[in-house]
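Participant: Next comes the structure file entry26.pdb, holding PDB, C-alpha atoms, pLDDT in the B column.
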ATOM      1  CA  MET S   8      86.478   7.572-103.475  1.00 45.00           C
ATOM      2  CA  SER S   9      89.507   8.052-101.256  1.00 43.00           C
ATOM      3  CA  THR S  10      93.099   7.325-102.107  1.00 45.00           C
ATOM      4  CA  PRO S  11      94.932   4.764 -99.940  1.00 48.00           C
ATOM      5  CA  GLY S  12      97.136   6.548 -97.432  1.00 49.00           C
ATOM      6  CA  ALA S  13      95.248   9.842 -97.875  1.00 42.00           C
ATOM      7  CA  ARG S  14      94.272  11.770 -94.791  1.00 41.00           C
ATOM      8  CA  PRO S  15      90.593  11.679 -93.860  1.00 39.00           C
ATOM      9  CA  ALA S  16      88.670  14.885 -94.500  1.00 35.00           C
ATOM     10  CA  GLN S  17      89.172  17.281 -91.636  1.00 36.00           C
ATOM     11  CA  ALA S  18      86.415  19.086 -89.817  1.00 36.00           C
ATOM     12  CA  PRO S  19      85.828  22.655 -90.995  1.00 36.00           C
ATOM     13  CA  ALA S  20      88.348  25.142 -89.681  1.00 41.00           C
ATOM     14  CA  PRO S  21      87.311  27.102 -86.619  1.00 43.00           C
ATOM     15  CA  LEU S  22      85.233  30.127 -87.419  1.00 44.00           C
ATOM     16  CA  SER S  23      87.281  33.248 -88.139  1.00 42.00           C
ATOM     17  CA  PRO S  24      88.476  35.051 -85.019  1.00 41.00           C
ATOM     18  CA  VAL S  25      88.261  38.789 -84.479  1.00 42.00           C
ATOM     19  CA  ALA S  26      92.048  38.981 -84.223  1.00 38.00           C
ATOM     20  CA  SER S  27      92.393  38.203 -87.943  1.00 45.00           C
ATOM     21  CA  GLY S  28      90.924  41.600 -88.761  1.00 52.00           C
ATOM     22  CA  PRO S  29      87.619  42.906 -90.033  1.00 59.00           C
ATOM     23  CA  LEU S  30      85.509  40.760 -92.316  1.00 68.00           C
ATOM     24  CA  SER S  31      83.299  41.763 -95.204  1.00 77.00           C
ATOM     25  CA  VAL S  32      79.533  41.348 -95.015  1.00 75.00           C
ATOM     26  CA  LEU S  33      79.878  38.651 -97.686  1.00 82.00           C
ATOM     27  CA  GLN S  34      82.276  36.755 -95.409  1.00 85.00           C
ATOM     28  CA  LEU S  35      79.792  37.153 -92.540  1.00 85.00           C
ATOM     29  CA  ASP S  36      77.177  35.552 -94.797  1.00 87.00           C
ATOM     30  CA  GLY S  37      79.540  32.610 -95.346  1.00 90.00           C
ATOM     31  CA  LEU S  38      80.081  32.256 -91.601  1.00 90.00           C
ATOM     32  CA  LEU S  39      76.322  32.310 -91.016  1.00 91.00           C
ATOM     33  CA  GLY S  40      75.944  29.527 -93.576  1.00 90.00           C
ATOM     34  CA  GLN S  41      78.589  27.546 -91.732  1.00 90.00           C
ATOM     35  CA  CYS S  42      76.683  28.074 -88.466  1.00 90.00           C
ATOM     36  CA  ARG S  43      73.471  26.902 -90.127  1.00 90.00           C
ATOM     37  CA  ARG S  44      75.136  23.744 -91.510  1.00 91.00           C
ATOM     38  CA  GLN S  45      76.732  22.956 -88.136  1.00 91.00           C
ATOM     39  CA  GLY S  46      73.555  23.699 -86.174  1.00 90.00           C
ATOM     40  CA  ARG S  47      75.276  26.455 -84.189  1.00 91.00           C
ATOM     41  CA  LEU S  48      73.575  29.485 -82.713  1.00 92.00           C
ATOM     42  CA  ALA S  49      74.594  32.944 -83.910  1.00 94.00           C
ATOM     43  CA  THR S  50      73.495  36.529 -83.374  1.00 95.00           C
ATOM     44  CA  VAL S  51      74.337  39.678 -85.297  1.00 94.00           C
ATOM     45  CA  LEU S  52      74.816  42.969 -83.456  1.00 95.00           C
ATOM     46  CA  LEU S  53      74.814  46.188 -85.461  1.00 94.00           C
ATOM     47  CA  VAL S  54      76.699  49.065 -83.839  1.00 94.00           C
ATOM     48  CA  GLU S  55      75.710  52.387 -85.402  1.00 93.00           C
ATOM     49  CA  VAL S  56      77.713  55.457 -84.379  1.00 90.00           C
ATOM     50  CA  LEU S  57      76.773  59.126 -84.665  1.00 85.00           C
ATOM     51  CA  PRO S  58      79.933  61.122 -83.997  1.00 74.00           C
ATOM     52  CA  THR S  59      79.516  64.220 -81.878  1.00 75.00           C
ATOM     53  CA  HIS S  60      82.470  65.840 -83.711  1.00 75.00           C
ATOM     54  CA  PRO S  61      82.176  65.007 -87.448  1.00 72.00           C
ATOM     55  CA  ASP S  62      85.757  66.130 -88.127  1.00 76.00           C
ATOM     56  CA  ALA S  63      87.009  63.338 -85.830  1.00 77.00           C
ATOM     57  CA  ALA S  64      84.669  60.604 -87.132  1.00 83.00           C
ATOM     58  CA  ASP S  65      87.412  58.373 -88.598  1.00 85.00           C
ATOM     59  CA  ALA S  66      89.508  58.438 -85.442  1.00 85.00           C
ATOM     60  CA  LEU S  67      86.408  57.752 -83.339  1.00 86.00           C
ATOM     61  CA  MET S  68      85.424  54.738 -85.472  1.00 89.00           C
ATOM     62  CA  GLN S  69      88.941  53.331 -85.170  1.00 90.00           C
ATOM     63  CA  ALA S  70      88.839  53.748 -81.392  1.00 91.00           C
ATOM     64  CA  ILE S  71      85.381  52.180 -81.163  1.00 92.00           C
ATOM     65  CA  ALA S  72      86.430  49.243 -83.375  1.00 92.00           C
ATOM     66  CA  GLN S  73      89.512  48.668 -81.219  1.00 93.00           C
ATOM     67  CA  ARG S  74      87.491  48.804 -77.989  1.00 94.00           C
ATOM     68  CA  LEU S  75      84.837  46.549 -79.491  1.00 94.00           C
ATOM     69  CA  ARG S  76      87.450  43.984 -80.604  1.00 92.00           C
ATOM     70  CA  GLY S  77      88.806  43.949 -77.052  1.00 93.00           C
ATOM     71  CA  GLY S  78      85.330  43.269 -75.664  1.00 93.00           C
ATOM     72  CA  LEU S  79      84.642  40.250 -77.893  1.00 93.00           C
ATOM     73  CA  ARG S  80      85.672  36.638 -77.621  1.00 91.00           C
ATOM     74  CA  GLY S  81      88.336  35.402 -80.002  1.00 88.00           C
ATOM     75  CA  CYS S  82      85.796  33.316 -81.917  1.00 87.00           C
ATOM     76  CA  ASP S  83      83.462  36.244 -82.699  1.00 90.00           C
ATOM     77  CA  ALA S  84      83.734  38.225 -85.949  1.00 88.00           C
ATOM     78  CA  MET S  85      83.381  41.886 -86.881  1.00 89.00           C
ATOM     79  CA  ALA S  86      82.785  43.689 -90.191  1.00 88.00           C
ATOM     80  CA  PRO S  87      82.513  47.370 -91.120  1.00 89.00           C
ATOM     81  CA  VAL S  88      79.071  48.426 -92.341  1.00 88.00           C
ATOM     82  CA  GLY S  89      78.897  51.738 -94.161  1.00 84.00           C
ATOM     83  CA  ASP S  90      80.942  54.674 -92.891  1.00 83.00           C
ATOM     84  CA  MET S  91      79.805  54.652 -89.268  1.00 87.00           C
ATOM     85  CA  GLY S  92      78.730  51.116 -88.470  1.00 91.00           C
ATOM     86  CA  LEU S  93      80.139  47.785 -87.356  1.00 92.00           C
ATOM     87  CA  ALA S  94      78.494  44.372 -87.569  1.00 92.00           C
ATOM     88  CA  VAL S  95      79.428  41.808 -84.945  1.00 92.00           C
ATOM     89  CA  LEU S  96      78.736  38.101 -85.343  1.00 92.00           C
ATOM     90  CA  LEU S  97      78.445  36.375 -81.973  1.00 94.00           C
ATOM     91  CA  PHE S  98      78.940  32.639 -82.358  1.00 92.00           C
ATOM     92  CA  ASP S  99      77.141  30.175 -80.099  1.00 92.00           C
ATOM     93  CA  ALA S 100      74.997  32.997 -78.726  1.00 92.00           C
ATOM     94  CA  GLY S 101      71.234  32.769 -78.897  1.00 89.00           C
ATOM     95  CA  GLU S 102      68.667  35.299 -77.779  1.00 89.00           C
ATOM     96  CA  SER S 103      69.320  35.394 -74.023  1.00 91.00           C
ATOM     97  CA  ARG S 104      73.131  35.218 -74.158  1.00 92.00           C
ATOM     98  CA  SER S 105      73.363  37.832 -76.909  1.00 93.00           C
ATOM     99  CA  ARG S 106      71.174  40.204 -74.894  1.00 93.00           C
ATOM    100  CA  GLY S 107      73.720  40.122 -72.079  1.00 93.00           C
ATOM    101  CA  VAL S 108      76.639  40.614 -74.490  1.00 94.00           C
ATOM    102  CA  ARG S 109      74.806  43.497 -76.157  1.00 94.00           C
ATOM    103  CA  ASN S 110      74.240  45.235 -72.815  1.00 94.00           C
ATOM    104  CA  ARG S 111      77.873  44.718 -71.759  1.00 95.00           C
ATOM    105  CA  LEU S 112      79.194  46.077 -75.067  1.00 94.00           C
ATOM    106  CA  ASP S 113      76.805  49.026 -74.884  1.00 94.00           C
ATOM    107  CA  SER S 114      78.308  50.028 -71.517  1.00 93.00           C
ATOM    108  CA  LEU S 115      81.850  49.452 -72.757  1.00 94.00           C
ATOM    109  CA  LEU S 116      81.421  51.501 -75.935  1.00 93.00           C
ATOM    110  CA  ARG S 117      79.730  54.431 -74.167  1.00 90.00           C
ATOM    111  CA  GLU S 118      82.795  55.137 -72.041  1.00 89.00           C
ATOM    112  CA  PRO S 119      84.499  58.431 -73.022  1.00 87.00           C
ATOM    113  CA  TYR S 120      87.031  58.471 -75.866  1.00 86.00           C
ATOM    114  CA  PRO S 121      89.962  60.887 -75.891  1.00 82.00           C
ATOM    115  CA  SER S 122      89.884  63.299 -78.834  1.00 73.00           C
ATOM    116  CA  SER S 123      91.394  66.590 -79.941  1.00 70.00           C
ATOM    117  CA  ALA S 124      88.360  68.300 -78.366  1.00 68.00           C
ATOM    118  CA  GLY S 125      88.918  66.552 -75.014  1.00 74.00           C
ATOM    119  CA  CYS S 126      86.904  63.488 -74.098  1.00 79.00           C
ATOM    120  CA  THR S 127      83.919  62.618 -76.226  1.00 80.00           C
ATOM    121  CA  ARG S 128      81.047  60.224 -75.700  1.00 81.00           C
ATOM    122  CA  PRO S 129      79.631  59.045 -79.009  1.00 84.00           C
ATOM    123  CA  LEU S 130      75.938  58.667 -79.644  1.00 88.00           C
ATOM    124  CA  LEU S 131      75.505  55.031 -80.522  1.00 91.00           C
ATOM    125  CA  ARG S 132      72.884  52.389 -80.970  1.00 93.00           C
ATOM    126  CA  ILE S 133      73.322  48.629 -80.871  1.00 94.00           C
ATOM    127  CA  GLY S 134      70.651  46.555 -82.583  1.00 94.00           C
ATOM    128  CA  ARG S 135      70.432  42.785 -82.256  1.00 95.00           C
ATOM    129  CA  ALA S 136      69.102  40.055 -84.579  1.00 95.00           C
ATOM    130  CA  VAL S 137      69.195  36.306 -83.904  1.00 94.00           C
ATOM    131  CA  HIS S 138      70.148  33.968 -86.761  1.00 93.00           C
ATOM    132  CA  GLY S 139      67.239  31.694 -87.644  1.00 89.00           C
ATOM    133  CA  LEU S 140      64.744  33.787 -85.691  1.00 91.00           C
ATOM    134  CA  ASP S 141      65.158  37.156 -87.443  1.00 94.00           C
ATOM    135  CA  GLY S 142      66.650  35.881 -90.723  1.00 92.00           C
ATOM    136  CA  GLN S 143      69.143  33.509 -92.315  1.00 90.00           C
ATOM    137  CA  HIS S 144      71.491  35.803 -94.254  1.00 90.00           C
ATOM    138  CA  ALA S 145      73.726  38.693 -93.203  1.00 90.00           C
ATOM    139  CA  ALA S 146      71.693  41.312 -95.111  1.00 89.00           C
ATOM    140  CA  ASP S 147      68.427  40.144 -93.469  1.00 93.00           C
ATOM    141  CA  LEU S 148      69.985  40.117 -90.015  1.00 93.00           C
ATOM    142  CA  LEU S 149      71.586  43.540 -90.461  1.00 92.00           C
ATOM    143  CA  ARG S 150      68.240  44.956 -91.595  1.00 93.00           C
ATOM    144  CA  ALA S 151      66.480  43.360 -88.600  1.00 95.00           C
ATOM    145  CA  ALA S 152      69.165  44.660 -86.221  1.00 94.00           C
ATOM    146  CA  ALA S 153      68.816  48.170 -87.699  1.00 92.00           C
ATOM    147  CA  LEU S 154      65.071  48.043 -87.060  1.00 92.00           C
ATOM    148  CA  ALA S 155      65.346  46.465 -83.599  1.00 85.00           C
ATOM    149  CA  PRO S 156      63.924  48.507 -80.729  1.00 70.00           C
ATOM    150  CA  ARG S 157      66.423  50.924 -79.279  1.00 55.00           C
TER     151      ARG S 157
END
Could you show the structure in this file as structure tokens?

Facilitator:
Amino acid sequence: MSTPGARPAQAPAPLSPVASGPLSVLQLDGLLGQCRRQGRLATVLLVEVLPTHPDAADALMQAIAQRLRGGLRGCDAMAPVGDMGLAVLLFDAGESRSRGVRNRLDSLLREPYPSSAGCTRPLLRIGRAVHGLDGQHAADLLRAAALAPR
């Protein structure tokens, strides 16, 4: 029952943008639930990094995260996964669109990174899992993305 003069219920807030900072996997699960309720498409990308210089792994992950954030739309979300991984939630991206985004990000992230040892090119892998097709929850989609063909 509504109160006279009360504002009508507003639509859900826009999905969290990348600019607000990294999200937890639990928050990604909440965003996936929101996508499911709104009938929106979503895809999870899992970026796994193997540093070529283990002593510079933290700096490399920061540089990769920054480059990745710059390559995403403002409506997409990102979360750290383990020590050397990043999950990306692509909103309104089904199988074909996410394949193109994955390929573009793969090229972007493979560019050399400056380091104390000169320029380094990380060994990385980007797996992809489509919400609804490969699973419903973040953990299922991350597992599917980790097992996706290289």

Participant: Run the PyMOL selection byres ((chain S and resi 108) around 12) against the file shown and list the residues it catches, as an MDAnalysis selection string.

Facilitator: chainID S and resid 50:52 75 78:80 83 95:107 109:116 133:135

Participant: Identify which of the residues S:Gln73, S:Asp36, S:Ser31, S:Leu130 lies closest to Thr59 in chain S, counting all atoms listed in the file when measuring atom-to-atom distances.

Facilitator: S:Leu130

Participant: Might you pull out every residue within 9 Å of Ser122 in chain S, with only C-alpha atoms counted and same-chain residues fewer than 6 positions away left off, and present them as a CSV table (one decimal) with C-alpha atoms, in the frame of the given file?

Facilitator:
chain,number,residue,atom,x,y,z
S,63,ALA,CA,87.0,63.3,-85.8
S,66,ALA,CA,89.5,58.4,-85.4
S,67,LEU,CA,86.4,57.8,-83.3

Participant: Pick the closest to Gly46 in chain S from S:His60, S:Arg150, S:His144, S:His138: which is it, counting only C-alpha atoms?

Facilitator: S:His138

Participant: If the PyMOL selection byres ((chain S and resi 58) around 12) is run on the structure shown, which residues does it catch, given as a ChimeraX atom specification?

Facilitator: /S:55-57,59-71,90-92,117,120,122,127-132

Participant: Excluding same-chain residues fewer than 2 positions from Gly40 in chain S, what lies within 12 Å of it counting all atoms listed in the file, as a PDB file with C-alpha atoms, in the coordinates of the input?

Facilitator:
ATOM      1  CA  LEU S  22      85.233  30.127 -87.419  1.00 44.00           C
ATOM      2  CA  LEU S  33      79.878  38.651 -97.686  1.00 82.00           C
ATOM      3  CA  GLN S  34      82.276  36.755 -95.409  1.00 85.00           C
ATOM      4  CA  LEU S  35      79.792  37.153 -92.540  1.00 85.00           C
ATOM      5  CA  ASP S  36      77.177  35.552 -94.797  1.00 87.00           C
ATOM      6  CA  GLY S  37      79.540  32.610 -95.346  1.00 90.00           C
ATOM      7  CA  LEU S  38      80.081  32.256 -91.601  1.00 90.00           C
ATOM      8  CA  CYS S  42      76.683  28.074 -88.466  1.00 90.00           C
ATOM      9  CA  ARG S  43      73.471  26.902 -90.127  1.00 90.00           C
ATOM     10  CA  ARG S  44      75.136  23.744 -91.510  1.00 91.00           C
ATOM     11  CA  GLN S  45      76.732  22.956 -88.136  1.00 91.00           C
ATOM     12  CA  GLY S  46      73.555  23.699 -86.174  1.00 90.00           C
ATOM     13  CA  ARG S  47      75.276  26.455 -84.189  1.00 91.00           C
ATOM     14  CA  LEU S  48      73.575  29.485 -82.713  1.00 92.00           C
ATOM     15  CA  ALA S  49      74.594  32.944 -83.910  1.00 94.00           C
ATOM     16  CA  HIS S 138      70.148  33.968 -86.761  1.00 93.00           C
ATOM     17  CA  GLY S 139      67.239  31.694 -87.644  1.00 89.00           C
ATOM     18  CA  GLY S 142      66.650  35.881 -90.723  1.00 92.00           C
ATOM     19  CA  GLN S 143      69.143  33.509 -92.315  1.00 90.00           C
ATOM     20  CA  HIS S 144      71.491  35.803 -94.254  1.00 90.00           C
ATOM     21  CA  ALA S 145      73.726  38.693 -93.203  1.00 90.00           C
TER      22      ALA S 145
END

Participant: Could you work out an axis-aligned bounding box for all listed atoms of range 70-76 of chain S, with 4 Å added on each of the six sides, and give its centre and edge lengths in Å to one decimal, as AutoDock Vina command-line options?

Facilitator:
--center_x 87.2 --center_y 48.9 --center_z -80.7 --size_x 12.7 --size_y 17.8 --size_z 13.4

Participant: Enter the distance from CA of Ala72 in chain S to CA of Leu53 in chain S, in Å, rounded to one decimal.

Facilitator: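 Answer for the CA of Ala72 in chain S to CA of Leu53 in chain S separation: 12.2 Å.
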
Participant: Could you check which of S:Leu148, S:Ala153, S:Val32, S:Val137 is closest to Val88 in chain S, using all atoms listed in the file?

Facilitator: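 Selected residue with least distance to Val88 in chain S: S:Val32.
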
Participant: For each of S:Val54, S:Glu118, S:Gly125, S:Arg74, take the minimum atom-to-atom distance to Leu149 in chain S, counting only C-alpha atoms, then give the residue where this is smallest.

Facilitator: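 Counting only C-alpha atoms, the residue closest to Leu149 in chain S is S:Val54.
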
Participant: As an exercise, work out the distance from CA of Leu154 in chain S to CA of Ala94 in chain S in Å and give it to one decimal place.

Facilitator: 13.9 Å
